[in-house]
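Novice: Below is the structure I would like to discuss, written out as structure tokens.
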Amino acid sequence: MTPNSAPAAAAETDTDDFEAALLVLVRRVFPGTGAIGNLVRLSGGASQETWAFEAIGTSPSPLRMILRRSPPGYTAPFRAAGIETEAALMQLAYQAGVPSPLVRHVLAPQDNLGRGFLMDCVEGETIPRKILRDDAFASIRPKLASQLGGVLARIHAIDRTKLPKLRHVTAASELNELKNAYKKDGQPRPVFDVAFRWLEERAPQGVAHDTLVHGDFRNGNLMIGPDGVRAVLDWELAHTGDPMEDLGWICVNSWRFGHIDKPVGGFGEIADLAEGYRVAGGGNVDLDRIKYWETFGSLRWGVMCLGMLARFTSGEDRSVERAVISRRASENEIDLLRLLAPRTR
Amino acid sequence: MQDSPQPQEIVAVVSAMLRDTILPQLEGRATFDLRVAINALELVARQLTHADSSNAAEHARLKALLGKDGDLTALNHALSQMIEAGALTLGNPELCEHLWATTMDKLKIDQPNYAAYIAELKAE
């Protein structure tokens, strides 16, 4: 999906069988396909494989396609919506006018390719630092927050009766889960304790209307072109719940990549996000709940760093990268203090 | 007592050698991996340099805040439980001051280039 991603080795896959099965499928979905070209595995996402290739012979120019699939034998964590659900949500999003690649085919057992789906390749950039720095995006950056507000309004407006089965998330249920993960680590972290307390005391009761929530709507999961938002990616954590969760998550400081004075993804203002949301029919946003979910998101990311620590300590992953990422929980601690106990100057 | 040079000095010359001599000879993935490794070594060097004084300061603040003695881990557990129980809140200026000081000392070692840390440092 990302042109800048380095191709990774096609390990664990019998490449010949895989290519043969893929060709059979592509010929069926796109009659006239003669061959498959430029098949590369894109990096990113240990839980899912993403392959890019061209279907040659279908039209004057080859069709660029993406196959996203779960590796054989992969068991999704319980939080994950499931790869067929992702495909269904992307189809609904596409129909609702959300920038999204067109899903062409959902894998069936007889395709012999595991579980996953085939979609159009959308060209664009997902690497946050490039989006925030490169000249190509200079003129679109100030408009992104408003565009993304509109995108979220359309996602949240998707008819709930059409949704596949999804987890329902409330602040209280999610806090409980996070707290268990925190307690499992065992090391006391007073800043996290303060954040838990603050969030528990303010957990929204009975949100006026629950909607589809993307669940990971942030700089890094958005494909951006010089003209704006081209695709919303990674629906793996989609669920139903408080729509303000998506607006808060994109404001978490971790997704600003150093551009801390631009709360929306490091490129925009909350007022613009809110205006885009309202204009696209999402109604008035609740700024307090956005801050609530931003705080929640920062704590959640910090607790996830503890999970990295557990994987390192247990010996499951003794990589240098895993060791140092575990030392990033303190970033969330300072972010939480800036939110909850800002220093008077 | 071990002879000099001290660990932080040795780690410093190792990471300088890796950065200045080895890194320019590498390409692709190896460059990225070595950068991560150098950053990790620099974190270790900062911890060797600063941890004694920041732990001592944290310990002193905890004893004052909680009005009791114990080792650093035990006092942090006690603080954690008091916050969870609502016995100490952000309304308490000493608690806020302690959390800020402790967090700033952690970032100084863990992530001194984190933008929020730099902004807070400037404001001090």
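Identifiers for the structure tokens are assigned positionally: chains receive A, B, ... in sequence, residues are indexed from 1 per chain, and ligands are indexed from 1 in the order shown.
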Counting only C-alpha atoms, which residues of chain B come no farther than 10 Å from chain A, as an MDAnalysis selection string?
Specialist: chainID B and resid 28:29 33:34 36:41 43 73:86 88:91 93 95:100 102:117 119:120 123:124
Novice: Name the residues in contact with Leu132 in chain A at a cut-off of 8 Å, using only C-alpha atoms, excluding same-chain residues fewer than 6 positions from it; report them as a count of residues only.
Specialist: 3
Novice: Using DSSP on the backbone coordinates, identify all residues within chain B classified as helix (DSSP H, G or I); present the result as JSON, numbers by chain.
Specialist: {"B": [7, 8, 9, 10, 11, 12, 13, 14, 15, 16, 17, 18, 19, 20, 21, 22, 23, 24, 25, 29, 30, 31, 32, 33, 34, 35, 36, 37, 38, 39, 40, 41, 42, 43, 44, 45, 46, 47, 48, 49, 50, 51, 52, 53, 54, 55, 56, 57, 58, 59, 60, 61, 62, 63, 64, 65, 66, 72, 73, 74, 75, 76, 77, 78, 79, 80, 81, 82, 83, 84, 93, 94, 95, 96, 97, 98, 99, 100, 101, 102, 103, 104, 105, 106, 107, 108, 109, 110, 115, 116, 117, 118, 119, 120, 121, 122, 123]}
Novice: Would you mind listing, for every residue of range 89-112 of chain A within 9 Å of range 232-248 of chain A, the two atoms forming the shortest contact and the distance between them in Å to one decimal, using only C-alpha atoms, sorted by chain and ascending residue number, as a tab-separated table?
Specialist:
```
residue	atom	partner	partner_atom	distance
A:Leu89	CA	A:Trp235	CA	7.4
A:Met90	CA	A:Trp235	CA	7.6
A:Ala93	CA	A:Val232	CA	9.0
A:Val98	CA	A:Val232	CA	7.6
A:Pro99	CA	A:Val232	CA	6.2
A:Ser100	CA	A:Val232	CA	5.7
A:Pro101	CA	A:Val232	CA	8.4
```
Novice: Selection from above, N, CA and C atoms, as a PDB file, in the first residue's frame, can you write it?
Specialist:
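Saved file result-v4.pdb follows:
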```pdb
ATOM      1  N   LEU A  89     -16.410  -3.666   6.197  1.00  0.00           N
ATOM      2  CA  LEU A  89     -16.443  -2.265   6.630  1.00  0.00           C
ATOM      3  C   LEU A  89     -15.888  -1.344   5.552  1.00  0.00           C
ATOM      4  N   MET A  90     -14.845  -1.814   4.854  1.00  0.00           N
ATOM      5  CA  MET A  90     -14.283  -0.988   3.783  1.00  0.00           C
ATOM      6  C   MET A  90     -15.276  -0.832   2.643  1.00  0.00           C
ATOM      7  N   ALA A  93     -17.785   1.666   3.861  1.00  0.00           N
ATOM      8  CA  ALA A  93     -17.175   2.992   3.865  1.00  0.00           C
ATOM      9  C   ALA A  93     -17.117   3.560   2.452  1.00  0.00           C
ATOM     10  N   VAL A  98     -16.608   7.513   1.884  1.00  0.00           N
ATOM     11  CA  VAL A  98     -15.346   7.637   2.620  1.00  0.00           C
ATOM     12  C   VAL A  98     -14.215   7.255   1.665  1.00  0.00           C
ATOM     13  N   PRO A  99     -13.152   8.060   1.589  1.00  0.00           N
ATOM     14  CA  PRO A  99     -12.039   7.658   0.720  1.00  0.00           C
ATOM     15  C   PRO A  99     -11.533   6.286   1.144  1.00  0.00           C
ATOM     16  N   SER A 100     -11.628   5.337   0.234  1.00  0.00           N
ATOM     17  CA  SER A 100     -11.341   3.955   0.592  1.00  0.00           C
ATOM     18  C   SER A 100     -11.069   3.171  -0.672  1.00  0.00           C
ATOM     19  N   PRO A 101     -10.105   2.252  -0.668  1.00  0.00           N
ATOM     20  CA  PRO A 101      -9.889   1.444  -1.871  1.00  0.00           C
ATOM     21  C   PRO A 101     -11.086   0.532  -2.113  1.00  0.00           C
TER      22      PRO A 101
END
```
Novice: Could you jot down the CA of Arg230 in chain A to CA of Ile56 in chain A separation for me, Å, one decimal place?
Specialist: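 About the pair CA of Arg230 in chain A and CA of Ile56 in chain A: they are 24.3 Å apart.
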Novice: If we count only C-alpha atoms, what is near Leu25 in chain A at a cut-off of 10 Å, once residues fewer than 5 positions away on the same chain are taken out, given as JSON, numbers by chain?
Specialist: {"A": [19, 20, 30, 31, 105, 107, 110, 111, 112, 113, 118]}
Novice: Contacts of Ala271 in chain A at 12 Å or less, counting only C-alpha atoms, minus same-chain residues fewer than 4 places along, as a list in words?
Specialist: Pro142, Lys143, Ala145, Ser146, Leu148, Gly149, Leu247, Cys251, Lys262, Pro263, Val264, Glu275, Gly276, Tyr277, Arg278, Asn284, Val285, Asp286, Leu287 and Ile290 of chain A
Novice: From the set B:Glu42, B:Met1, B:Leu66, B:Leu26, which residue has the shortest atom-to-atom contact distance to Val13 in chain B, counting only C-alpha atoms?
Specialist: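 Of all the options, B:Glu42 lies closest to Val13 in chain B.
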Novice: Could you list, as a list of chain:residue names, every residue within 7 Å of Phe312 in chain A, counting only C-alpha atoms and ignoring same-chain residues fewer than 4 positions away?
Specialist: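 Selected residues are A:Met308, A:Glu316, A:Asp317, A:Arg318, A:Arg322, A:Ala323.
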Novice: What does the structure give for the distance between CA of Ile140 in chain A and CA of Val122 in chain A, in Å to one decimal?
Specialist: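 Result for CA of Ile140 in chain A versus CA of Val122 in chain A: 17.9 Å, one decimal.
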Novice: Hey, which of B:Thr21, B:Gln2, B:Asn92, B:Thr49 ends up closest to Leu65 in chain B? Count only C-alpha atoms.
Specialist: B:Asn92
Novice: What does the distance between CA of Leu222 in chain A and CA of Gln147 in chain A come to in Å, to one decimal place?
Specialist: 11.7 Å
